[in-house]
$ cat structure-v1.cif   # mmCIF, C-alpha atoms and all ligand atoms
data_work
#
loop_
_atom_site.label_atom_id
_atom_site.label_comp_id
_atom_site.auth_asym_id
_atom_site.auth_seq_id
_atom_site.Cartn_x
_atom_site.Cartn_y
_atom_site.Cartn_z
CA MET A 1 4.48 49.29 10.54
CA VAL A 2 3.31 46.91 13.29
CA PHE A 3 4.41 43.30 13.09
CA GLU A 4 2.26 40.65 14.69
CA CYS A 5 2.87 36.98 15.45
CA PRO A 6 1.42 34.49 12.97
CA ARG A 7 -1.89 32.87 14.03
CA GLY A 8 -1.65 30.22 16.71
CA VAL A 9 1.81 31.17 18.03
CA ARG A 10 2.59 33.37 21.01
CA ASP A 11 5.25 35.51 22.63
CA PHE A 12 6.19 34.73 26.21
CA GLY A 13 6.97 37.83 28.26
CA PRO A 14 9.00 37.44 31.48
CA GLU A 15 5.96 36.71 33.71
CA ARG A 16 4.48 34.12 31.39
CA MET A 17 7.87 32.61 30.67
CA GLY A 18 8.52 32.39 34.42
CA VAL A 19 5.36 30.34 34.89
CA ARG A 20 6.27 28.09 31.94
CA ARG A 21 9.73 27.52 33.37
CA HIS A 22 8.23 26.73 36.78
CA VAL A 23 5.94 24.08 35.26
CA GLU A 24 8.69 22.61 33.04
CA ASP A 25 11.17 22.55 35.94
CA SER A 26 8.71 20.97 38.35
CA ILE A 27 7.81 18.22 35.84
CA GLY A 28 11.48 17.78 34.87
CA LYS A 29 12.45 17.24 38.52
CA VAL A 30 9.84 14.50 38.96
CA PHE A 31 10.91 12.84 35.69
CA SER A 32 14.46 12.81 36.89
CA SER A 33 13.47 11.49 40.35
CA PHE A 34 11.96 8.47 38.54
CA GLY A 35 15.28 7.91 36.73
CA TYR A 36 14.42 9.42 33.34
CA ARG A 37 17.26 11.09 31.43
CA GLN A 38 16.60 13.92 29.01
CA VAL A 39 17.16 13.60 25.26
CA GLY A 40 16.78 16.08 22.42
CA THR A 41 15.47 15.45 18.92
CA PRO A 42 15.25 17.79 15.90
CA THR A 43 12.45 20.29 15.50
CA PHE A 44 11.92 19.14 11.89
CA GLU A 45 11.92 15.64 10.47
CA PHE A 46 11.18 13.78 7.22
CA VAL A 47 7.42 13.58 6.64
CA GLU A 48 7.71 9.77 6.23
CA LEU A 49 8.48 9.42 9.93
CA PHE A 50 4.92 10.46 10.77
CA GLU A 51 3.32 8.89 7.70
CA ALA A 52 4.49 5.52 9.01
CA LYS A 53 2.17 5.18 12.00
CA SER A 54 0.85 8.42 13.46
CA GLY A 55 -2.59 8.36 11.86
CA PRO A 56 -4.78 10.94 10.08
CA GLU A 57 -5.30 13.13 13.16
CA ILE A 58 -1.59 14.00 13.09
CA MET A 59 -1.16 13.92 9.29
CA GLN A 60 -4.02 16.39 8.68
CA HIS A 61 -2.37 18.90 10.96
CA LEU A 62 1.21 18.60 9.80
CA TYR A 63 3.29 21.67 8.89
CA VAL A 64 4.90 20.32 5.71
CA PHE A 65 7.50 22.14 3.63
CA GLU A 66 10.09 21.42 1.01
CA ASP A 67 13.68 22.44 1.62
CA LYS A 68 16.05 23.78 -1.05
CA GLY A 69 17.13 20.24 -1.88
CA GLY A 70 13.53 19.23 -2.63
CA ARG A 71 13.21 17.06 0.52
CA ARG A 72 9.74 16.78 2.12
CA LEU A 73 10.13 17.88 5.71
CA CYS A 74 7.75 18.81 8.49
CA LEU A 75 7.82 20.54 11.85
CA ARG A 76 7.44 17.86 14.52
CA PRO A 77 3.84 17.50 15.73
CA GLU A 78 4.95 15.32 18.68
CA ALA A 79 8.15 13.64 19.88
CA THR A 80 7.35 9.93 20.31
CA ALA A 81 8.10 9.07 16.66
CA SER A 82 11.42 10.97 16.82
CA VAL A 83 12.51 9.38 20.11
CA ALA A 84 11.55 5.90 18.81
CA ARG A 85 13.53 6.62 15.61
CA MET A 86 16.54 7.66 17.69
CA TYR A 87 16.17 4.57 19.88
CA ALA A 88 15.97 2.28 16.81
CA SER A 89 19.04 3.81 15.16
CA GLU A 90 21.32 4.91 18.00
CA LEU A 91 20.23 3.78 21.45
CA ARG A 92 19.09 0.19 20.90
CA SER A 93 22.15 -1.34 22.54
CA LEU A 94 21.91 0.65 25.79
CA PRO A 95 20.91 -1.34 28.91
CA LYS A 96 17.16 -1.78 29.28
CA PRO A 97 14.77 -0.64 30.49
CA LEU A 98 15.80 2.71 29.05
CA ARG A 99 14.04 5.72 30.55
CA LEU A 100 14.09 8.85 28.36
CA SER A 101 12.43 12.23 28.75
CA TYR A 102 12.10 15.35 26.60
CA SER A 103 10.53 18.75 26.55
CA GLY A 104 10.11 21.31 23.82
CA PRO A 105 7.87 22.96 21.23
CA MET A 106 5.63 20.92 18.91
CA PHE A 107 3.70 22.20 15.88
CA ARG A 108 0.25 21.34 14.59
CA TYR A 109 -1.67 23.27 11.96
CA GLU A 110 -4.93 23.31 13.89
CA GLU A 111 -7.71 25.88 14.22
CA PRO A 112 -6.41 28.05 17.09
CA GLN A 113 -8.65 28.41 20.15
CA LYS A 114 -8.23 28.44 23.91
CA GLY A 115 -5.91 25.55 24.76
CA ARG A 116 -5.18 24.74 21.12
CA TYR A 117 -2.21 26.38 19.47
CA ARG A 118 -0.11 25.88 16.37
CA GLU A 119 3.04 26.00 18.44
CA PHE A 120 2.68 24.44 21.88
CA TRP A 121 4.97 22.85 24.45
CA GLN A 122 5.12 19.25 25.56
CA ALA A 123 7.12 17.47 28.24
CA GLY A 124 7.06 13.71 28.06
CA VAL A 125 8.76 10.39 28.67
CA GLU A 126 9.33 7.20 26.71
CA LEU A 127 10.22 3.96 28.51
CA PHE A 128 11.82 1.38 26.19
CA GLY A 129 12.42 -2.33 26.72
CA ALA A 130 9.94 -3.01 29.52
CA LYS A 131 6.64 -4.81 29.16
CA GLY A 132 3.95 -5.64 31.66
CA PRO A 133 2.11 -4.09 34.58
CA GLN A 134 5.21 -2.71 36.36
CA ALA A 135 6.18 -0.53 33.40
CA ASP A 136 2.62 0.62 32.66
CA SER A 137 1.95 1.48 36.28
CA GLU A 138 5.25 3.38 36.50
CA ALA A 139 4.23 5.60 33.57
CA ILE A 140 0.79 6.30 35.03
CA THR A 141 2.18 6.93 38.51
CA LEU A 142 4.61 9.41 36.96
CA VAL A 143 1.72 11.37 35.37
CA PHE A 144 -0.12 11.38 38.69
CA THR A 145 2.93 12.48 40.70
CA CYS A 146 3.79 15.37 38.34
CA LEU A 147 0.25 16.77 38.37
CA GLU A 148 -0.12 16.33 42.12
CA GLN A 149 3.19 18.11 42.64
CA LEU A 150 1.91 21.07 40.61
CA GLY A 151 -1.18 21.23 42.84
CA LEU A 152 -3.72 20.64 40.06
CA ARG A 153 -7.15 19.04 40.29
CA PHE A 154 -7.43 16.48 37.50
CA ARG A 155 -8.99 13.17 36.42
CA LEU A 156 -6.91 10.30 35.16
CA ARG A 157 -8.64 7.87 32.79
CA ILE A 158 -7.34 4.49 31.75
CA SER A 159 -8.38 2.25 28.88
CA HIS A 160 -6.88 -0.55 26.79
CA ILE A 161 -6.51 -0.22 23.01
CA GLY A 162 -5.36 -3.87 22.85
CA VAL A 163 -8.77 -4.94 24.16
CA LEU A 164 -10.54 -2.79 21.54
CA ARG A 165 -8.28 -4.00 18.72
CA THR A 166 -8.76 -7.67 19.63
CA LEU A 167 -12.53 -7.31 19.80
CA LEU A 168 -12.75 -5.39 16.54
CA SER A 169 -10.50 -7.87 14.78
CA ALA A 170 -12.76 -10.71 16.00
CA GLN A 171 -15.63 -8.74 14.42
CA GLY A 172 -13.79 -8.92 11.07
CA PHE A 173 -12.37 -5.37 10.99
CA ASP A 174 -8.94 -5.09 9.34
CA GLU A 175 -6.23 -2.79 10.78
CA ALA A 176 -7.39 0.27 8.83
CA GLY A 177 -11.02 -0.32 9.83
CA THR A 178 -10.00 -0.74 13.47
CA ASP A 179 -7.93 2.47 13.39
CA LYS A 180 -10.95 4.31 11.98
CA ILE A 181 -13.21 3.16 14.82
CA ILE A 182 -10.60 4.03 17.43
CA GLN A 183 -10.37 7.53 15.92
CA LEU A 184 -14.17 7.87 16.11
CA LEU A 185 -14.07 6.81 19.77
CA ASP A 186 -11.31 9.34 20.42
CA LYS A 187 -13.55 12.07 18.99
CA GLY A 188 -16.44 10.82 21.16
CA ASP A 189 -18.54 10.06 18.04
CA MET A 190 -20.43 7.11 19.58
CA LYS A 191 -23.23 7.38 17.01
CA SER A 192 -20.88 6.54 14.12
CA VAL A 193 -19.23 3.79 16.18
CA ARG A 194 -22.63 2.23 16.84
CA GLU A 195 -23.46 2.36 13.12
CA LYS A 196 -20.22 0.58 12.20
CA VAL A 197 -19.96 -1.96 15.02
CA LYS A 198 -23.17 -3.87 15.36
CA ASP A 199 -21.94 -6.13 18.18
CA SER A 200 -23.88 -5.31 21.33
CA SER A 201 -21.26 -6.62 23.78
CA PHE A 202 -18.63 -4.28 22.25
CA MET A 203 -20.97 -1.33 22.72
CA LYS A 204 -21.76 -2.47 26.28
CA LEU A 205 -18.04 -2.53 27.03
CA MET A 206 -17.63 0.98 25.58
CA GLU A 207 -20.08 2.26 28.16
CA LEU A 208 -18.24 0.70 31.11
CA SER A 209 -16.37 3.03 33.41
CA GLY A 210 -15.49 3.22 37.09
CA SER A 211 -13.06 1.76 39.61
CA ALA A 212 -11.02 -1.47 39.23
CA ASP A 213 -14.27 -3.38 39.93
CA VAL A 214 -15.43 -2.80 36.34
CA ILE A 215 -12.78 -5.26 35.10
CA LYS A 216 -14.87 -8.17 36.44
CA GLU A 217 -17.91 -6.79 34.68
CA ALA A 218 -15.90 -6.39 31.46
CA ALA A 219 -14.71 -9.99 31.68
CA SER A 220 -18.31 -11.15 31.98
CA ILE A 221 -19.30 -9.21 28.84
CA VAL A 222 -16.59 -10.52 26.48
CA ALA A 223 -16.00 -14.14 25.50
CA GLU A 224 -12.57 -13.91 23.77
CA GLU A 225 -9.80 -15.60 25.75
CA LYS A 226 -7.19 -13.08 24.51
CA VAL A 227 -9.29 -10.20 25.86
CA LYS A 228 -9.64 -11.93 29.22
CA GLU A 229 -5.84 -12.18 29.38
CA LEU A 230 -5.47 -8.47 28.60
CA LEU A 231 -8.08 -7.62 31.22
CA SER A 232 -6.24 -9.61 33.85
CA GLU A 233 -3.02 -7.71 32.95
CA LEU A 234 -4.95 -4.47 33.25
CA SER A 235 -6.21 -5.42 36.70
CA GLU A 236 -2.58 -6.05 37.77
CA VAL A 237 -1.73 -2.49 36.68
CA LEU A 238 -4.70 -1.15 38.62
CA ALA A 239 -3.71 -3.10 41.75
CA LEU A 240 -0.25 -1.51 41.59
CA LEU A 241 -1.80 1.94 41.16
CA ASP A 242 -4.14 1.32 44.11
CA SER A 243 -1.19 0.31 46.26
CA ALA A 244 0.61 3.55 45.32
CA GLY A 245 -2.43 5.71 46.10
CA VAL A 246 -2.86 6.79 42.47
CA GLY A 247 -6.44 7.90 41.78
CA TYR A 248 -7.89 6.87 38.39
CA GLU A 249 -10.99 5.85 36.55
CA VAL A 250 -11.19 2.96 34.07
CA ASP A 251 -13.12 4.04 30.97
CA PHE A 252 -13.33 1.51 28.14
CA GLY A 253 -14.95 4.10 25.88
CA MET A 254 -11.76 6.18 25.98
CA ALA A 255 -9.44 5.78 23.00
CA ARG A 256 -6.47 7.72 21.69
CA GLY A 257 -6.32 9.03 18.13
CA LEU A 258 -2.68 8.16 17.40
CA ASP A 259 -2.39 4.90 15.46
CA TYR A 260 0.73 3.53 17.16
CA TYR A 261 -0.88 2.48 20.44
CA THR A 262 -1.15 -1.25 21.07
CA GLY A 263 -1.95 -1.67 24.79
CA ILE A 264 -2.93 0.38 27.79
CA VAL A 265 -3.80 4.05 27.07
CA PHE A 266 -4.47 6.87 29.49
CA ASP A 267 -5.12 10.57 29.65
CA ALA A 268 -5.47 13.30 32.26
CA ARG A 269 -8.10 16.00 32.14
CA ALA A 270 -8.06 19.14 34.22
CA GLU A 271 -11.14 20.61 35.85
CA GLY A 272 -12.38 23.90 34.50
CA LEU A 273 -10.58 23.98 31.16
CA GLY A 274 -13.59 23.65 28.85
CA ALA A 275 -13.33 21.71 25.59
CA GLN A 276 -9.52 21.46 25.48
CA ASP A 277 -9.16 19.91 28.92
CA GLN A 278 -6.82 17.05 28.06
CA ILE A 279 -3.53 17.98 29.70
CA CYS A 280 -1.77 14.67 29.16
CA GLY A 281 -2.04 11.65 26.91
CA GLY A 282 -0.09 8.45 26.50
CA GLY A 283 0.00 4.71 26.25
CA ARG A 284 1.81 1.55 25.21
CA TYR A 285 3.15 1.21 21.67
CA ASP A 286 5.01 -2.08 21.23
CA ASP A 287 5.45 -2.06 17.41
CA LEU A 288 6.88 1.38 16.62
CA VAL A 289 10.60 0.73 17.20
CA GLU A 290 10.49 -2.32 14.93
CA LEU A 291 8.63 -0.33 12.30
CA PHE A 292 11.54 2.14 12.36
CA GLY A 293 14.06 -0.64 11.68
CA GLY A 294 14.97 -1.48 15.28
CA PRO A 295 14.57 -4.74 17.20
CA ALA A 296 11.13 -5.64 18.57
CA THR A 297 10.99 -3.38 21.65
CA PRO A 298 8.07 -2.85 24.00
CA ALA A 299 7.52 0.81 24.86
CA VAL A 300 5.22 3.04 26.87
CA GLY A 301 5.16 6.81 27.27
CA PHE A 302 3.11 9.98 27.54
CA ALA A 303 3.31 13.72 27.00
CA PHE A 304 1.95 16.64 29.01
CA GLY A 305 0.58 19.71 27.24
CA ILE A 306 2.39 22.48 29.12
CA ASP A 307 0.20 25.31 27.79
CA ARG A 308 -2.98 23.61 28.97
CA ILE A 309 -1.44 22.82 32.36
CA ILE A 310 -0.67 26.53 32.78
CA GLU A 311 -4.21 27.49 31.77
CA ALA A 312 -5.61 24.90 34.21
CA MET A 313 -3.44 26.31 37.01
CA THR A 314 -4.72 29.82 36.30
CA GLY A 315 -8.32 28.59 36.12
CA GLN A 316 -8.02 26.65 39.38
CA GLY A 317 -6.22 29.49 41.15
CA VAL A 318 -3.04 27.44 41.64
CA GLU A 319 -0.21 29.84 42.35
CA ALA A 320 2.91 29.60 40.24
CA PRO A 321 5.80 31.39 41.90
CA GLY A 322 6.61 34.44 39.81
CA ARG A 323 10.06 35.94 39.62
CA VAL A 324 11.60 36.66 43.00
CA THR A 325 14.42 39.02 43.65
CA ASP A 326 16.03 37.79 46.82
CA VAL A 327 18.39 40.67 47.37
CA TYR A 328 18.58 44.19 45.93
CA VAL A 329 21.91 45.94 46.36
CA ALA A 330 21.60 49.74 46.51
CA SER A 331 24.20 52.50 46.97
CA ALA A 332 23.66 55.29 49.50
CA SER A 333 25.87 57.67 47.48
CA GLU A 334 27.74 57.99 44.18
CA ALA A 335 31.10 57.38 45.83
CA VAL A 336 30.28 53.82 46.95
CA ARG A 337 28.94 52.49 43.64
CA PRO A 338 32.11 50.49 42.83
CA GLN A 339 31.97 48.81 46.27
CA ALA A 340 28.23 48.06 45.83
CA PHE A 341 29.04 46.48 42.46
CA ARG A 342 31.75 44.35 44.11
CA ILE A 343 29.44 43.25 46.96
CA ALA A 344 26.75 42.17 44.45
CA VAL A 345 29.31 40.15 42.48
CA GLN A 346 30.64 38.50 45.67
CA LEU A 347 27.15 37.62 46.88
CA ARG A 348 26.27 35.94 43.57
CA LYS A 349 29.51 33.98 43.74
CA SER A 350 28.97 32.82 47.31
CA ASN A 351 25.35 31.75 46.77
CA SER A 352 24.32 31.09 43.19
CA ALA A 353 20.82 30.08 44.29
CA LEU A 354 19.99 33.70 45.21
CA THR A 355 18.66 36.19 42.67
CA ILE A 356 20.61 39.37 43.26
CA ASP A 357 19.58 42.59 41.61
CA HIS A 358 21.93 45.54 41.69
CA ASP A 359 21.03 49.16 41.01
CA ILE A 360 22.84 50.14 37.81
CA SER A 361 20.67 53.15 36.95
CA GLY A 362 22.34 55.67 39.25
CA ARG A 363 19.10 56.13 41.22
CA ARG A 364 19.08 57.99 44.51
CA LEU A 365 18.73 55.68 47.53
CA ASN A 366 15.00 56.27 48.15
CA ARG A 367 14.23 55.64 44.46
CA ALA A 368 16.41 52.54 44.48
CA LEU A 369 14.55 51.17 47.51
CA GLN A 370 11.22 51.91 45.82
CA HIS A 371 12.45 49.93 42.81
CA ALA A 372 13.54 47.11 45.16
CA SER A 373 10.03 46.91 46.54
CA GLU A 374 8.53 46.95 43.00
CA GLN A 375 10.82 44.01 42.22
CA LYS A 376 9.37 42.30 45.31
CA ALA A 377 12.87 41.94 46.76
CA ARG A 378 12.99 40.17 50.11
CA PHE A 379 16.05 42.10 51.29
CA ALA A 380 17.85 45.28 50.35
CA VAL A 381 21.56 45.62 51.01
CA ILE A 382 22.33 49.30 51.45
CA VAL A 383 25.95 50.21 50.89
CA GLY A 384 26.93 53.43 52.65
CA GLU A 385 30.24 55.15 53.41
CA ARG A 386 29.78 55.10 57.17
CA GLU A 387 29.12 51.33 57.31
CA LEU A 388 31.83 50.57 54.71
CA ALA A 389 34.36 52.14 57.04
CA LYS A 390 33.44 49.33 59.47
CA ASP A 391 33.47 46.67 56.68
CA SER A 392 29.69 46.52 57.06
CA VAL A 393 26.48 47.25 55.16
CA VAL A 394 22.86 47.81 56.18
CA LEU A 395 20.55 44.85 55.61
CA LYS A 396 16.90 45.81 55.28
CA ASP A 397 14.07 43.29 55.49
CA MET A 398 11.66 44.70 52.91
CA ALA A 399 8.55 43.11 54.42
CA SER A 400 9.08 44.19 58.04
CA GLN A 401 11.15 47.28 57.08
CA LYS A 402 13.57 46.33 59.90
CA GLN A 403 17.21 47.29 59.36
CA GLU A 404 20.41 45.98 60.89
CA GLU A 405 24.07 46.44 60.31
CA VAL A 406 25.83 43.29 59.05
CA ARG A 407 29.55 42.65 58.47
CA ILE A 408 30.23 42.13 54.72
CA LYS A 409 31.97 38.86 55.44
CA ASP A 410 28.86 37.56 57.25
CA LEU A 411 26.38 38.77 54.64
CA ALA A 412 26.21 35.61 52.46
CA GLU A 413 25.62 33.42 55.50
CA ARG A 414 23.01 35.83 56.85
CA LEU A 415 21.10 35.66 53.53
CA ALA A 416 21.33 31.87 53.06
P1 LIG B 1 -1.19 13.89 22.23
O1 LIG B 1 -2.39 13.49 23.02
O2 LIG B 1 -1.38 14.15 20.78
O3 LIG B 1 -0.10 12.75 22.46
O4 LIG B 1 -0.55 15.18 22.89
C1 LIG B 1 -0.23 15.22 24.26
C2 LIG B 1 -0.74 16.50 24.89
O5 LIG B 1 -0.27 17.64 24.16
C3 LIG B 1 -2.25 16.65 24.85
O6 LIG B 1 -2.85 15.94 25.91
C4 LIG B 1 -2.43 18.15 24.99
O7 LIG B 1 -2.37 18.53 26.34
C5 LIG B 1 -1.21 18.70 24.27
N1 LIG B 1 -1.59 19.21 22.94
C6 LIG B 1 -1.80 18.50 21.82
N2 LIG B 1 -2.11 19.31 20.78
C7 LIG B 1 -2.10 20.58 21.27
C8 LIG B 1 -2.33 21.89 20.71
N3 LIG B 1 -2.61 22.05 19.43
N4 LIG B 1 -2.22 22.97 21.53
C9 LIG B 1 -1.91 22.81 22.84
N5 LIG B 1 -1.68 21.62 23.42
C10 LIG B 1 -1.76 20.52 22.65
C11 LIG B 1 1.16 12.79 21.94
O8 LIG B 1 1.65 13.76 21.40
C12 LIG B 1 1.94 11.53 22.16
N6 LIG B 1 3.27 11.71 21.57
C13 LIG B 1 2.03 11.20 23.64
C14 LIG B 1 2.81 9.94 23.88
C15 LIG B 1 4.10 9.85 24.29
N7 LIG B 1 2.37 8.71 23.72
C16 LIG B 1 3.34 7.86 23.99
N8 LIG B 1 4.41 8.54 24.32
#

$ encode --input "structure-v1.cif" --output "structure tokens"
Amino acid sequence: MVFECPRGVRDFGPERMGVRRHVEDSIGKVFSSFGYRQVGTPTFEFVELFEAKSGPEIMQHLYVFEDKGGRRLCLRPEATASVARMYASELRSLPKPLRLSYSGPMFRYEEPQKGRYREFWQAGVELFGAKGPQADSEAITLVFTCLEQLGLRFRLRISHIGVLRTLLSAQGFDEAGTDKIIQLLDKGDMKSVREKVKDSSFMKLMELSGSADVIKEAASIVAEEKVKELLSELSEVLALLDSAGVGYEVDFGMARGLDYYTGIVFDARAEGLGAQDQICGGGRYDDLVELFGGPATPAVGFAFGIDRIIEAMTGQGVEAPGRVTDVYVASASEAVRPQAFRIAVQLRKSNSALTIDHDISGRRLNRALQHASEQKARFAVIVGERELAKDSVVLKDMASQKQEEVRIKDLAERLA
């Protein structure tokens, strides 16, 4: 009998897992360099948490189940709601702004295709207790820095849900009607938007995109004072991004399907990924913490889709370092195996950053060295009786094939 994975989930062999770890580690390091501290939330939650404000896009794709106690639970489709819940109940009294990060698997019952899975990985941040251009520009700069660090080619788009909401409300749309139009925009269904919103200046705004200069044009299209205020805030964010060398494009026709956004929204798209090219999405959500019973708390955040980032790297030919064996310790004869074992243990102790492989299969020396080269080891340490008598081993550079005798006590330093 052959067992297969369920649809939309995948195994990660060592190569694939190595690439995933590389991407997660690289992003995690940048998060931490910006002062974000990692938190963990449960993999399943009460369904109500997402019913509250996530919107139909998330609700349609929820993995819902009942536990033995009859409680309605679901696998988490994203982490923002969970982190906001935790903030509202446990972390509200911590000094603000509070910078939190997370990474882990999320679950959405979607039709599987390239770049769309039922189990996928996200790494994201949530910044609580900070409002205004400084906080928004920090979040966007963080997205830019992470993707640049990975060596990806991408486009960063910025829009403002607050502007859209204010305009639609002035048109007489209630909250549910506004959410519906924002979802249509997110799907790129401009035809339906045009049918619902008759206002020509709104549609003109939806077609505006480009550099920070389009803000002036936007301000000339709309009459509402509130929108003008939001646009001037947005231009402050853009000025900060310009000063930090962050490349972006303003696109007022861009919206995000999740219902909790209230202000600036942004996404990143990678070149060459096809339909599922959105590798990051985020924005400001100032009402969610209060909705979860916490104090009114401004918040902004985003999440990367790790799987799509990996696919984009492959598509763009961006190298992800695979597994490296730094040192392979081999025995020249049966008699010295215990000493070879001891040398491998000592080397690991003296430099934990090195990956040290040790022949435990009883291979003859030439076979062991062949295995070392298959493992792409940089060095082989050959332990032989003659050298041991002089408290030494042979160090072989696997690329140049050059060998030298090195004292055991100097080995760690020589390999550092
Ligand atoms: P989201 O846009 O739904 O936002 O997801 C973020 C990223 O997760 C997407 O840009 C995409 O790369 C990846 N993603 C989503 N669904 C799938 C899937 N089925 N398969 C593979 N990758 C997928 C959020 O989840 C928000 N929580 C982001 C946020 C944080 N907003 C504020 N704070």

$ residues_around --input "structure-v1.cif" --residues "Val289 (chain A)" --least-positions-apart "5" --cutoff "8 Å" --atoms "all atoms listed in the file" --output "number ranges by chain"
A: 84-85, 87-88, 294-297

$ residues_around --input "structure-v1.cif" --residues "region 350-365 of chain A" --least-positions-apart "4" --cutoff "10 Å" --atoms "only C-alpha atoms" --output "ChimeraX atom specification"
/A:323-334,337,340-341,343-346,369-372,375,377,379-384,411-413,415-416

$ closest_atom_pairs --input "structure-v1.cif" --of "region 57-144 of chain A" --to "region 27-31 of chain A" --cutoff "9 Å" --atoms "only C-alpha atoms" --output "Markdown table"
| residue | atom | partner | partner_atom | distance |
| --- | --- | --- | --- | --- |
| A:Leu100 | CA | A:Phe31 | CA | 8.9 |
| A:Ser101 | CA | A:Phe31 | CA | 7.1 |
| A:Tyr102 | CA | A:Gly28 | CA | 8.6 |
| A:Ser103 | CA | A:Gly28 | CA | 8.4 |
| A:Ala123 | CA | A:Ile27 | CA | 7.7 |
| A:Gly124 | CA | A:Phe31 | CA | 8.6 |
| A:Val125 | CA | A:Phe31 | CA | 7.7 |
| A:Leu142 | CA | A:Phe31 | CA | 7.3 |

$ closest_residue --input "structure-v1.cif" --among "A:Gly322, A:Gly293, A:Pro56, A:Gly69" --to "ligand LIG 1 (chain B)" --atoms "all atoms listed in the file"
A:Pro56

$ residues_around --input "structure-v1.cif" --residues "Asp186 (chain A)" --least-positions-apart "3" --cutoff "7 Å" --atoms "only C-alpha atoms" --output "list in words"
Ile182, Gln183, Met254, Ala255, Arg256 and Gly257 of chain A

$ closest_residue --input "structure-v1.cif" --among "A:Ser82, A:Ser33, A:Ser392, A:Ser400" --to "Glu45 (chain A)" --atoms "all atoms listed in the file"
A:Ser82
